[in-house]
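Trainee: The structure's right below; bear with me while I get my questions together.
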Amino acid sequence: MENFSLILAIVVVTALAFDFTNGFHDTANAMATTISTGALKPKIAVTMSAALNLVGAFLSVEVANTISKGLVDENGIRPEVIFAALVGAILWNLVTWLVGLPSSSSHALMGGLIGATVASAGFGAVHGDVLVTKVLLPAVAAPVVAGLAALLATRLSYGIGKDADDNATRKGFRAGQIASAGLVSLAHGTNDAQKTMGIITLALVAGGTIAPGSNPPTWVILSAGLAIALGTYIGGWRIIRTMGKGLTDLRPQQGFAAQTSAATAILASSHLGFSLSTTHVVSGSVMGAGLGRKGGTVRWSTATRMMVAWVLTLPAAAVVGALAESVTDLGDWGTAAVAVFLVASSATIWKLSRREVVDSANVNDTAEPAGVITAAMAAVTPPPVGPVTDGLTATIPSPAAPAADPAATV
């Protein structure tokens with residue numbers, strides 16, 4: 001550890017700070033549907049998710065190796081480049097958290113890394129084949145596959161339970177939803193915590209502390225797991241509200257189907273080393289579950305804003321990362337200036353968030369109003385088959401009484 005310099009220590013601390021933001025930014029991926037359907041109380045949900053995130057961090061290092069060995073050329077990358085990449089990723093996470101949009105922390109990290117690497121060593125230092133096959137293609141395919149799986153799972157769930165007692169069905173699916181939420185949390189730790197492990201490992205290689213091609217040291221795995229678990233426990237309540245209430249209205253059957261589909265996709269991608277966005281997967285599965293129930297709708301206005309954020313995430317973080325790298329390249333004072341800018345920007349965003357506080361007490365209080373497309377879809381949804389049993393009656397206005405004849409008034 002004799003080569004562990006001050007700049008390397010700064011990079012490691014900043015990477016763990018990113019991991020912390022990743023935790024509270026992505027808590028919604030595991031627990032938003034569980035909280036919105038009432039299967040678990042908010043605080044219990046985030047505590048459970050935090051514990052399983054920590055466990056998941058120890059299950060694999062395949063994704064970490066994709067980040068540290070595959071995406072960019074390890075040779076010639078300075079620790080300052082990693083620091084600049086993290087600045088871009090953290091700021092994008094905080095901005096999207098402020099406005100309650102579930103964007104991808106993974107793509108923010110990779111965008112920042114790509115931008116900083118290009119600014120430092122040129123486009124040749126980025127491995128385009130890895131970027132396309134293990135980042136961009138999964139980003140497009142994951143929400144579609146997860147959405148279709150959740151749609152089919154939702155219809156299957158309703159089909160299996162159509163003749164069962166409603167109360168027993170709800171209780172059963174809520175129990176299943178808790179189990180599937182735990183699986184998503186475990187998968188999130190397996191996939192997302194590894195990205196910080198990979199970035200710290202890349203910084204250690206760049207700083208000469210470990211040899212190129214090394215797997216993440218044990219202390220890196222442990223610290224990354226603890227950081228993301230702590231962030232998860234804090235709870236990103238703004239994004240939980242958007243994912244649980246703003247995208248669609250879920251029932252326990254849908255929540256179970258959405259989370260099971262998402263967990264399966266995330267765990268499979270982690271095994272293959274794909275740096276998958278859990279946000280994309282869970283958002284796709286929630287939309288699929290919303291459409292899988294007869295009469296269910298998706299608030300496409302919210303979904304559209306989310307998709308715009310997805311498209312902007314990688315390039316926006318890349319631009320900030322490249323600009324930060326240009327400043328750090330000026331020397332120690334440039335690195336210090338970027339660090340001050342990061343701290344000041346983060347504090348400003350936090351202060352803005354205090355204007356309208358969203359926490360565990362009010363996360364389920366409001367839902368985003370339906371947009372034009374959702375209202376139109378609901379208007380053409382066929383009524384249920386069979387007699388109306390909700391006590392609704394048609395009201396026929398009585399004919400107006402004839403006006404009194406003024407001549408008859410004495």
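Chain identifiers are assigned as A, B, and so on, following the order in which chains appear in the structure tokens; residues are numbered from 1 within each chain, and ligands are numbered from 1 in order of appearance.
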Using only C-alpha atoms, find each residue of stretch 71-108 of chain A with at least one atom at most 7 Å away from an atom of stretch 318-321 of chain A; report its shortest atom-to-atom pair and that distance in Å (one decimal), sort the rows by chain and rising residue number, and return the result as CSV.

Mentor:
residue,atom,partner,partner_atom,distance
A:Ala84,CA,A:Gly321,CA,5.1
A:Ala85,CA,A:Gly321,CA,4.6
A:Val87,CA,A:Gly321,CA,6.4
A:Gly88,CA,A:Gly321,CA,4.6

Trainee: Excluding same-chain residues fewer than 6 positions from stretch 323-326 of chain A, what lies within 7 Å of it counting only C-alpha atoms, as a CSV table (one decimal) with N, CA, C and O atoms, in the first residue's frame?

Mentor:
chain,number,residue,atom,x,y,z
A,81,VAL,N,-8.5,10.9,-13.8
A,81,VAL,CA,-9.5,10.6,-14.8
A,81,VAL,C,-10.7,9.9,-14.1
A,81,VAL,O,-11.9,10.2,-14.4
A,84,ALA,N,-12.7,12.5,-12.2
A,84,ALA,CA,-13.5,13.3,-13.1
A,84,ALA,C,-14.7,12.5,-13.5
A,84,ALA,O,-15.9,13.1,-13.6
A,116,ALA,N,-14.4,11.2,-19.5
A,116,ALA,CA,-13.1,11.6,-18.9
A,116,ALA,C,-12.0,10.9,-19.6
A,116,ALA,O,-10.9,11.4,-19.8
A,119,ALA,N,-11.4,12.6,-23.0
A,119,ALA,CA,-10.7,13.9,-22.7
A,119,ALA,C,-9.2,13.7,-22.4
A,119,ALA,O,-8.4,14.5,-22.7
A,120,SER,N,-8.9,12.6,-21.7
A,120,SER,CA,-7.5,12.3,-21.3
A,120,SER,C,-6.7,11.6,-22.4
A,120,SER,O,-5.6,12.0,-22.6
A,338,VAL,N,-12.2,21.2,-8.8
A,338,VAL,CA,-13.3,20.2,-9.2
A,338,VAL,C,-14.0,19.7,-7.9
A,338,VAL,O,-15.2,19.5,-7.8

Trainee: Got a sec: who's within 8 Å of A:Ala187, counting only C-alpha atoms, leaving out chain neighbours fewer than 6 positions off, as a list in words?

Mentor: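 So the residues in contact are Asn53, Gly56, Ala263, Ile266, Leu267 and Ser270 of chain A.
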
Trainee: Using the selection just defined, write its residues with all heavy atoms as a short mmCIF file (atom, residue, chain, number, x, y, z; two decimals), in the first residue's frame.

Mentor:
data_model
loop_
_atom_site.label_atom_id
_atom_site.label_comp_id
_atom_site.auth_asym_id
_atom_site.auth_seq_id
_atom_site.Cartn_x
_atom_site.Cartn_y
_atom_site.Cartn_z
N ASN A 53 -28.80 -5.83 -0.19
CA ASN A 53 -27.81 -5.21 -1.07
C ASN A 53 -26.40 -5.58 -0.63
O ASN A 53 -25.52 -5.85 -1.45
CB ASN A 53 -27.97 -3.69 -1.05
CG ASN A 53 -28.81 -3.19 -2.22
OD1 ASN A 53 -28.58 -3.54 -3.35
ND2 ASN A 53 -29.80 -2.37 -1.91
N GLY A 56 -25.69 -9.16 -1.50
CA GLY A 56 -25.52 -9.34 -2.94
C GLY A 56 -24.17 -8.89 -3.45
O GLY A 56 -23.67 -9.41 -4.46
N ALA A 263 -36.07 -9.23 -11.17
CA ALA A 263 -34.99 -9.94 -10.48
C ALA A 263 -34.37 -11.00 -11.37
O ALA A 263 -33.14 -11.17 -11.40
CB ALA A 263 -35.54 -10.58 -9.20
N ILE A 266 -32.09 -9.26 -13.93
CA ILE A 266 -30.88 -8.68 -13.34
C ILE A 266 -29.88 -9.75 -12.95
O ILE A 266 -28.67 -9.64 -13.22
CB ILE A 266 -31.24 -7.81 -12.12
CG1 ILE A 266 -32.09 -6.61 -12.56
CG2 ILE A 266 -29.98 -7.29 -11.44
CD1 ILE A 266 -32.75 -5.89 -11.41
N LEU A 267 -30.35 -10.81 -12.31
CA LEU A 267 -29.44 -11.88 -11.90
C LEU A 267 -28.81 -12.58 -13.10
O LEU A 267 -27.63 -12.92 -13.08
CB LEU A 267 -30.19 -12.89 -11.03
CG LEU A 267 -30.54 -12.42 -9.61
CD1 LEU A 267 -31.45 -13.43 -8.93
CD2 LEU A 267 -29.28 -12.20 -8.79
N SER A 270 -26.09 -10.27 -14.45
CA SER A 270 -24.92 -10.24 -13.58
C SER A 270 -24.04 -11.47 -13.83
O SER A 270 -22.82 -11.39 -13.85
CB SER A 270 -25.33 -10.19 -12.11
OG SER A 270 -26.03 -9.00 -11.83
#

Trainee: Report as a ChimeraX atom specification all protein, DNA and RNA residues lying within 6 Å of stretch 28-30 of chain A, evaluated on only C-alpha atoms, omitting residues in the same chain fewer than 5 positions from it.

Mentor: /A:181,184-185,240,279,282

Trainee: Could you save the residues just selected, with N, CA and C atoms, as a compact mmCIF listing (two decimals), in the first residue's frame?

Mentor:
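Now in out.txt:
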# COMPACT_ATOMS: atom_id res chain seq x y z
N ALA A 181 -39.30 -8.86 -3.82
CA ALA A 181 -38.60 -7.61 -3.55
C ALA A 181 -37.23 -7.88 -2.95
N VAL A 184 -34.97 -8.85 -5.75
CA VAL A 184 -34.51 -7.69 -6.51
C VAL A 184 -33.40 -6.97 -5.75
N SER A 185 -33.55 -6.83 -4.44
CA SER A 185 -32.51 -6.18 -3.64
C SER A 185 -31.21 -6.94 -3.70
N ILE A 240 -38.94 6.74 -5.29
CA ILE A 240 -39.89 5.69 -4.89
C ILE A 240 -41.32 6.14 -5.20
N THR A 279 -32.49 0.19 -13.10
CA THR A 279 -33.58 1.15 -13.29
C THR A 279 -34.35 0.84 -14.57
N VAL A 282 -36.40 -2.55 -14.00
CA VAL A 282 -37.56 -2.44 -13.12
C VAL A 282 -38.62 -1.53 -13.72

Trainee: Which residues of stretch 83-162 of chain A come within 6 Å of stretch 285-291 of chain A, and for each one, what is the closest pair of atoms and their distance in Å to one decimal, counting only C-alpha atoms, sorted by chain and residue number, as a Markdown table?

Mentor:
| residue | atom | partner | partner_atom | distance |
| --- | --- | --- | --- | --- |
| A:Ala146 | CA | A:Ser285 | CA | 4.9 |
| A:Gly147 | CA | A:Ser285 | CA | 4.1 |
| A:Leu148 | CA | A:Gly288 | CA | 5.9 |
| A:Ala150 | CA | A:Ala289 | CA | 5.1 |
| A:Leu151 | CA | A:Gly288 | CA | 4.4 |
| A:Thr154 | CA | A:Ala289 | CA | 5.7 |

Trainee: Go ahead and compute the interatomic distance for atom CA of A:Asp129 and atom CA of A:Leu113, in Å to one decimal.

Mentor: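 These atoms are spaced 15.8 Å apart.
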
Trainee: For A:Ala175, please output as a list of chain:residue names all residues within 12 Å (counting only C-alpha atoms; exclusion window: fewer than 2 positions along the same chain).

Mentor: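 Counting only the stated atoms, we get A:Thr34, A:Thr37, A:Gly38, A:Ala39, A:Leu40, A:Ala168, A:Thr169, A:Arg170, A:Lys171, A:Gly172, A:Phe173, A:Gln177, A:Ile178, A:Ala179, A:Ser180, A:Ala181, A:Gly182, A:Pro252, A:Gln253, A:Gly255, A:Phe256.
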
Trainee: Take the selection from the previous step and output its residues with all heavy atoms, as a CSV table (one decimal), in the first residue's frame.

Mentor:
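Output contents, as saved in out.csv:
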chain,number,residue,atom,x,y,z
A,34,THR,N,-43.5,-2.6,-3.6
A,34,THR,CA,-43.8,-3.2,-2.4
A,34,THR,C,-44.4,-2.1,-1.4
A,34,THR,O,-45.3,-2.4,-0.7
A,34,THR,CB,-42.6,-3.8,-1.7
A,34,THR,OG1,-42.0,-4.7,-2.6
A,34,THR,CG2,-42.9,-4.5,-0.4
A,37,THR,N,-48.0,-0.8,-2.8
A,37,THR,CA,-49.1,-1.7,-2.6
A,37,THR,C,-49.4,-2.0,-1.2
A,37,THR,O,-50.4,-2.7,-0.8
A,37,THR,CB,-48.9,-3.1,-3.3
A,37,THR,OG1,-47.7,-3.7,-2.8
A,37,THR,CG2,-48.7,-2.9,-4.8
A,38,GLY,N,-48.6,-1.5,-0.3
A,38,GLY,CA,-48.8,-1.7,1.2
A,38,GLY,C,-48.3,-3.1,1.7
A,38,GLY,O,-48.6,-3.4,2.8
A,39,ALA,N,-47.5,-3.8,0.9
A,39,ALA,CA,-47.0,-5.1,1.3
A,39,ALA,C,-46.0,-4.9,2.5
A,39,ALA,O,-46.0,-5.8,3.3
A,39,ALA,CB,-46.3,-5.8,0.1
A,40,LEU,N,-45.3,-3.9,2.5
A,40,LEU,CA,-44.4,-3.6,3.6
A,40,LEU,C,-44.4,-2.1,3.9
A,40,LEU,O,-44.7,-1.2,3.0
A,40,LEU,CB,-42.9,-3.9,3.2
A,40,LEU,CG,-42.5,-5.4,3.2
A,40,LEU,CD1,-41.0,-5.5,2.7
A,40,LEU,CD2,-42.6,-6.0,4.6
A,168,ALA,N,-57.7,-13.7,0.3
A,168,ALA,CA,-56.7,-14.7,0.4
A,168,ALA,C,-55.7,-14.5,-0.8
A,168,ALA,O,-54.4,-14.6,-0.6
A,168,ALA,CB,-57.2,-16.1,0.3
A,169,THR,N,-56.2,-14.1,-1.9
A,169,THR,CA,-55.3,-13.9,-3.1
A,169,THR,C,-54.4,-12.7,-2.8
A,169,THR,O,-53.2,-12.8,-3.1
A,169,THR,CB,-56.1,-13.6,-4.4
A,169,THR,OG1,-56.9,-14.8,-4.6
A,169,THR,CG2,-55.2,-13.3,-5.5
A,170,ARG,N,-55.0,-11.6,-2.3
A,170,ARG,CA,-54.2,-10.4,-2.0
A,170,ARG,C,-53.1,-10.7,-1.0
A,170,ARG,O,-51.9,-10.3,-1.1
A,170,ARG,CB,-55.1,-9.3,-1.5
A,170,ARG,CG,-55.8,-8.6,-2.7
A,170,ARG,CD,-56.3,-7.2,-2.2
A,170,ARG,NE,-57.4,-7.4,-1.1
A,170,ARG,CZ,-58.7,-7.6,-1.4
A,170,ARG,NH1,-59.1,-7.5,-2.7
A,170,ARG,NH2,-59.5,-7.7,-0.5
A,171,LYS,N,-53.4,-11.5,0.1
A,171,LYS,CA,-52.5,-11.8,1.1
A,171,LYS,C,-51.3,-12.7,0.5
A,171,LYS,O,-50.2,-12.5,0.8
A,171,LYS,CB,-53.1,-12.5,2.3
A,171,LYS,CG,-54.0,-11.6,3.1
A,171,LYS,CD,-54.7,-12.4,4.2
A,171,LYS,CE,-55.6,-11.5,5.1
A,171,LYS,NZ,-56.2,-12.2,6.2
A,172,GLY,N,-51.7,-13.6,-0.3
A,172,GLY,CA,-50.7,-14.5,-0.9
A,172,GLY,C,-49.8,-13.8,-1.8
A,172,GLY,O,-48.5,-14.0,-1.7
A,173,PHE,N,-50.3,-12.9,-2.6
A,173,PHE,CA,-49.4,-12.2,-3.5
A,173,PHE,C,-48.6,-11.1,-2.8
A,173,PHE,O,-47.5,-10.8,-3.2
A,173,PHE,CB,-50.2,-11.5,-4.7
A,173,PHE,CG,-50.5,-12.5,-5.8
A,173,PHE,CD1,-51.8,-13.0,-6.0
A,173,PHE,CD2,-49.5,-12.9,-6.6
A,173,PHE,CE1,-52.0,-13.9,-7.0
A,173,PHE,CE2,-49.7,-13.8,-7.7
A,173,PHE,CZ,-51.0,-14.3,-7.9
A,177,GLN,N,-44.8,-10.9,-3.0
A,177,GLN,CA,-44.1,-9.7,-3.4
A,177,GLN,C,-43.0,-9.3,-2.5
A,177,GLN,O,-42.0,-8.8,-2.9
A,177,GLN,CB,-45.2,-8.5,-3.4
A,177,GLN,CG,-44.7,-7.3,-4.1
A,177,GLN,CD,-45.8,-6.2,-4.1
A,177,GLN,OE1,-46.9,-6.4,-3.6
A,177,GLN,NE2,-45.5,-5.1,-4.6
A,178,ILE,N,-43.1,-9.6,-1.2
A,178,ILE,CA,-42.0,-9.4,-0.3
A,178,ILE,C,-40.8,-10.2,-0.6
A,178,ILE,O,-39.7,-9.7,-0.6
A,178,ILE,CB,-42.5,-9.6,1.2
A,178,ILE,CG1,-43.6,-8.6,1.6
A,178,ILE,CG2,-41.3,-9.6,2.1
A,178,ILE,CD1,-44.2,-8.9,2.9
A,179,ALA,N,-41.1,-11.5,-0.9
A,179,ALA,CA,-40.0,-12.4,-1.3
A,179,ALA,C,-39.3,-11.9,-2.6
A,179,ALA,O,-38.1,-11.9,-2.7
A,179,ALA,CB,-40.5,-13.8,-1.5
A,180,SER,N,-40.1,-11.5,-3.6
A,180,SER,CA,-39.5,-11.1,-4.9
A,180,SER,C,-38.8,-9.7,-4.7
A,180,SER,O,-37.8,-9.5,-5.4
A,180,SER,CB,-40.6,-10.9,-5.9
A,180,SER,OG,-41.6,-10.0,-5.6
A,181,ALA,N,-39.3,-8.9,-3.8
A,181,ALA,CA,-38.6,-7.6,-3.6
A,181,ALA,C,-37.2,-7.9,-2.9
A,181,ALA,O,-36.2,-7.2,-3.3
A,181,ALA,CB,-39.4,-6.7,-2.6
A,182,GLY,N,-37.2,-8.9,-2.0
A,182,GLY,CA,-35.9,-9.3,-1.5
A,182,GLY,C,-34.9,-9.8,-2.6
A,182,GLY,O,-33.7,-9.5,-2.6
A,252,PRO,N,-51.3,-6.1,-5.7
A,252,PRO,CA,-50.3,-7.0,-5.3
A,252,PRO,C,-49.9,-8.0,-6.4
A,252,PRO,O,-48.7,-8.4,-6.5
A,252,PRO,CB,-50.9,-7.7,-4.1
A,252,PRO,CG,-51.8,-6.7,-3.5
A,252,PRO,CD,-52.3,-5.9,-4.7
A,253,GLN,N,-50.8,-8.5,-7.2
A,253,GLN,CA,-50.5,-9.4,-8.3
A,253,GLN,C,-49.5,-8.8,-9.2
A,253,GLN,O,-48.6,-9.5,-9.7
A,253,GLN,CB,-51.8,-9.9,-9.0
A,253,GLN,CG,-52.7,-10.7,-8.2
A,253,GLN,CD,-53.8,-9.9,-7.5
A,253,GLN,OE1,-53.5,-8.7,-7.1
A,253,GLN,NE2,-55.0,-10.4,-7.4
A,255,GLY,N,-47.5,-6.2,-8.6
A,255,GLY,CA,-46.2,-6.0,-8.0
A,255,GLY,C,-45.3,-7.2,-7.9
A,255,GLY,O,-44.1,-7.2,-8.2
A,256,PHE,N,-46.0,-8.3,-7.6
A,256,PHE,CA,-45.3,-9.6,-7.6
A,256,PHE,C,-44.7,-10.0,-9.0
A,256,PHE,O,-43.5,-10.4,-9.1
A,256,PHE,CB,-46.2,-10.7,-7.1
A,256,PHE,CG,-45.6,-12.1,-7.2
A,256,PHE,CD1,-44.6,-12.5,-6.4
A,256,PHE,CD2,-46.1,-13.0,-8.2
A,256,PHE,CE1,-44.1,-13.8,-6.5
A,256,PHE,CE2,-45.5,-14.2,-8.4
A,256,PHE,CZ,-44.6,-14.7,-7.5

Trainee: At most 10 Å is the cut-off: for each residue in stretch 96-128 of chain A with any atom that close to an atom of stretch 189-195 of chain A, write down the nearest atom pair and the distance in Å rounded to one decimal, counting only C-alpha atoms, chain first then increasing number, as a Markdown table.

Mentor:
| residue | atom | partner | partner_atom | distance |
| --- | --- | --- | --- | --- |
| A:Ser105 | CA | A:Asp192 | CA | 8.3 |
| A:Ser106 | CA | A:Asp192 | CA | 7.0 |
| A:Leu109 | CA | A:Lys195 | CA | 8.1 |
| A:Met110 | CA | A:Lys195 | CA | 9.0 |

Trainee: Just how far from atom CA of A:Phe24 is atom CA of A:Leu230, in Å to one decimal?

Mentor: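 Atom-to-atom, atom CA of A:Leu230 to atom CA of A:Phe24, that is 8.1 Å.
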
Trainee: I need the residue nearest A:Leu156 from this list: A:His127, A:Arg293, A:Arg305, A:His25. Use only C-alpha atoms for the distance.

Mentor: A:Arg293

Trainee: Check the DSSP output for the backbone and give back, as a ChimeraX atom specification, the residues of stretch 51-283 of chain A in alpha helix (DSSP H).

Mentor: /A:51-56,62-65,79-98,105-121,128-131,137-160,166-206,218-234,237-241,252-272,278-283

Trainee: Which one of A:Gly115, A:Gly159, A:Gly231, A:Gly176 sits closest to A:Ala316 if you count only C-alpha atoms?

Mentor: A:Gly115

Trainee: What does the distance from atom CA of A:Thr33 to atom CA of A:Ala108 come to in Å, to one decimal?

Mentor: 23.9 Å

Trainee: Need to verify the contact set: stretch 215-228 of chain A, 9 Å, only C-alpha atoms, exclusion of same-chain residues closer than 4 positions in sequence. Can you return it as a short mmCIF file (atom, residue, chain, number, x, y, z; two decimals) with N, CA, C and O atoms, in the first residue's frame?

Mentor:
data_model
loop_
_atom_site.label_atom_id
_atom_site.label_comp_id
_atom_site.auth_asym_id
_atom_site.auth_seq_id
_atom_site.Cartn_x
_atom_site.Cartn_y
_atom_site.Cartn_z
N ALA A 15 -15.59 7.57 -5.01
CA ALA A 15 -16.28 6.40 -5.56
C ALA A 15 -17.29 5.85 -4.56
O ALA A 15 -18.41 5.46 -4.93
N LEU A 16 -16.94 5.83 -3.29
CA LEU A 16 -17.88 5.37 -2.27
C LEU A 16 -19.04 6.35 -2.12
O LEU A 16 -20.17 5.94 -1.83
N ALA A 17 -18.76 7.64 -2.32
CA ALA A 17 -19.85 8.64 -2.30
C ALA A 17 -20.81 8.38 -3.45
O ALA A 17 -22.04 8.47 -3.29
N PHE A 18 -20.26 8.05 -4.62
CA PHE A 18 -21.13 7.69 -5.75
C PHE A 18 -21.95 6.45 -5.41
O PHE A 18 -23.15 6.38 -5.71
N ASP A 19 -21.31 5.47 -4.79
CA ASP A 19 -22.01 4.25 -4.41
C ASP A 19 -23.16 4.54 -3.46
O ASP A 19 -24.24 3.94 -3.55
N PHE A 20 -22.95 5.48 -2.56
CA PHE A 20 -24.00 5.91 -1.64
C PHE A 20 -25.17 6.52 -2.40
O PHE A 20 -26.33 6.20 -2.15
N THR A 21 -24.87 7.43 -3.37
CA THR A 21 -25.95 8.01 -4.16
C THR A 21 -26.65 6.95 -5.00
O THR A 21 -27.86 7.01 -5.21
N ASN A 22 -25.88 5.98 -5.47
CA ASN A 22 -26.47 4.88 -6.22
C ASN A 22 -27.48 4.14 -5.36
O ASN A 22 -28.57 3.75 -5.81
N GLY A 23 -27.15 3.96 -4.07
CA GLY A 23 -28.05 3.26 -3.17
C GLY A 23 -29.38 3.96 -3.00
O GLY A 23 -30.44 3.36 -3.21
N PHE A 24 -29.36 5.25 -2.64
CA PHE A 24 -30.66 5.92 -2.41
C PHE A 24 -31.34 6.28 -3.72
O PHE A 24 -32.56 6.43 -3.77
N ALA A 50 -31.57 -2.77 2.17
CA ALA A 50 -30.18 -2.44 2.48
C ALA A 50 -29.39 -3.68 2.87
O ALA A 50 -28.25 -3.89 2.41
N ASN A 53 -28.80 -5.83 -0.19
CA ASN A 53 -27.81 -5.21 -1.07
C ASN A 53 -26.40 -5.58 -0.63
O ASN A 53 -25.52 -5.85 -1.45
N LEU A 54 -26.18 -5.53 0.67
CA LEU A 54 -24.86 -5.86 1.21
C LEU A 54 -24.50 -7.31 0.92
O LEU A 54 -23.38 -7.62 0.50
N VAL A 55 -25.45 -8.21 1.13
CA VAL A 55 -25.20 -9.62 0.84
C VAL A 55 -24.90 -9.83 -0.65
O VAL A 55 -23.97 -10.55 -1.03
N GLY A 56 -25.69 -9.16 -1.50
CA GLY A 56 -25.52 -9.34 -2.94
C GLY A 56 -24.17 -8.89 -3.45
O GLY A 56 -23.67 -9.41 -4.46
N ALA A 57 -23.55 -7.94 -2.75
CA ALA A 57 -22.24 -7.44 -3.19
C ALA A 57 -21.17 -8.51 -3.19
O ALA A 57 -20.16 -8.39 -3.89
N PHE A 58 -21.37 -9.57 -2.43
CA PHE A 58 -20.35 -10.62 -2.30
C PHE A 58 -20.59 -11.81 -3.23
O PHE A 58 -19.80 -12.75 -3.22
N VAL A 61 -18.18 -11.05 -9.11
CA VAL A 61 -17.36 -9.90 -9.51
C VAL A 61 -17.33 -9.73 -11.03
O VAL A 61 -16.50 -9.01 -11.56
N ALA A 64 -18.00 -6.13 -12.10
CA ALA A 64 -16.85 -5.31 -11.70
C ALA A 64 -15.71 -5.47 -12.69
O ALA A 64 -15.03 -4.49 -13.05
N ASN A 65 -15.51 -6.69 -13.17
CA ASN A 65 -14.45 -6.91 -14.14
C ASN A 65 -14.76 -6.27 -15.49
O ASN A 65 -13.85 -5.83 -16.20
N SER A 68 -13.71 -2.62 -14.81
CA SER A 68 -12.29 -2.37 -14.55
C SER A 68 -11.39 -2.87 -15.66
O SER A 68 -10.29 -2.35 -15.86
N GLY A 189 -27.68 -5.51 -5.39
CA GLY A 189 -26.35 -5.53 -4.78
C GLY A 189 -25.35 -6.28 -5.63
O GLY A 189 -24.18 -5.87 -5.75
N ASP A 192 -25.20 -3.62 -9.09
CA ASP A 192 -24.81 -2.21 -8.97
C ASP A 192 -23.62 -1.98 -8.05
O ASP A 192 -22.78 -1.12 -8.32
N ALA A 193 -23.55 -2.71 -6.94
CA ALA A 193 -22.39 -2.52 -6.05
C ALA A 193 -21.10 -2.87 -6.76
O ALA A 193 -20.04 -2.30 -6.49
N GLN A 194 -21.19 -3.80 -7.71
CA GLN A 194 -19.99 -4.21 -8.44
C GLN A 194 -19.44 -3.10 -9.33
O GLN A 194 -18.24 -3.09 -9.63
N LYS A 195 -20.29 -2.18 -9.75
CA LYS A 195 -19.81 -1.11 -10.61
C LYS A 195 -18.84 -0.20 -9.87
O LYS A 195 -17.82 0.23 -10.41
N THR A 196 -19.15 0.06 -8.60
CA THR A 196 -18.22 0.84 -7.79
C THR A 196 -16.96 0.03 -7.49
O THR A 196 -15.85 0.57 -7.48
N MET A 197 -17.11 -1.26 -7.25
CA MET A 197 -15.93 -2.11 -7.08
C MET A 197 -15.03 -2.01 -8.31
O MET A 197 -13.79 -1.91 -8.19
N GLY A 198 -15.65 -2.06 -9.48
CA GLY A 198 -14.87 -1.99 -10.71
C GLY A 198 -14.14 -0.67 -10.87
O GLY A 198 -12.99 -0.62 -11.28
N ILE A 200 -13.23 1.44 -8.46
CA ILE A 200 -12.15 1.55 -7.48
C ILE A 200 -10.98 0.68 -7.90
O ILE A 200 -9.81 1.08 -7.79
N THR A 201 -11.27 -0.52 -8.40
CA THR A 201 -10.19 -1.40 -8.87
C THR A 201 -9.43 -0.75 -10.02
O THR A 201 -8.19 -0.82 -10.08
N LEU A 202 -10.16 -0.10 -10.93
CA LEU A 202 -9.51 0.60 -12.03
C LEU A 202 -8.62 1.73 -11.51
O LEU A 202 -7.50 1.93 -12.01
N THR A 232 -29.10 2.87 0.42
CA THR A 232 -30.41 2.25 0.28
C THR A 232 -31.26 2.47 1.53
O THR A 232 -32.46 2.74 1.45
N TYR A 233 -30.63 2.37 2.70
CA TYR A 233 -31.35 2.56 3.95
C TYR A 233 -31.88 4.00 4.08
O TYR A 233 -32.96 4.23 4.61
#
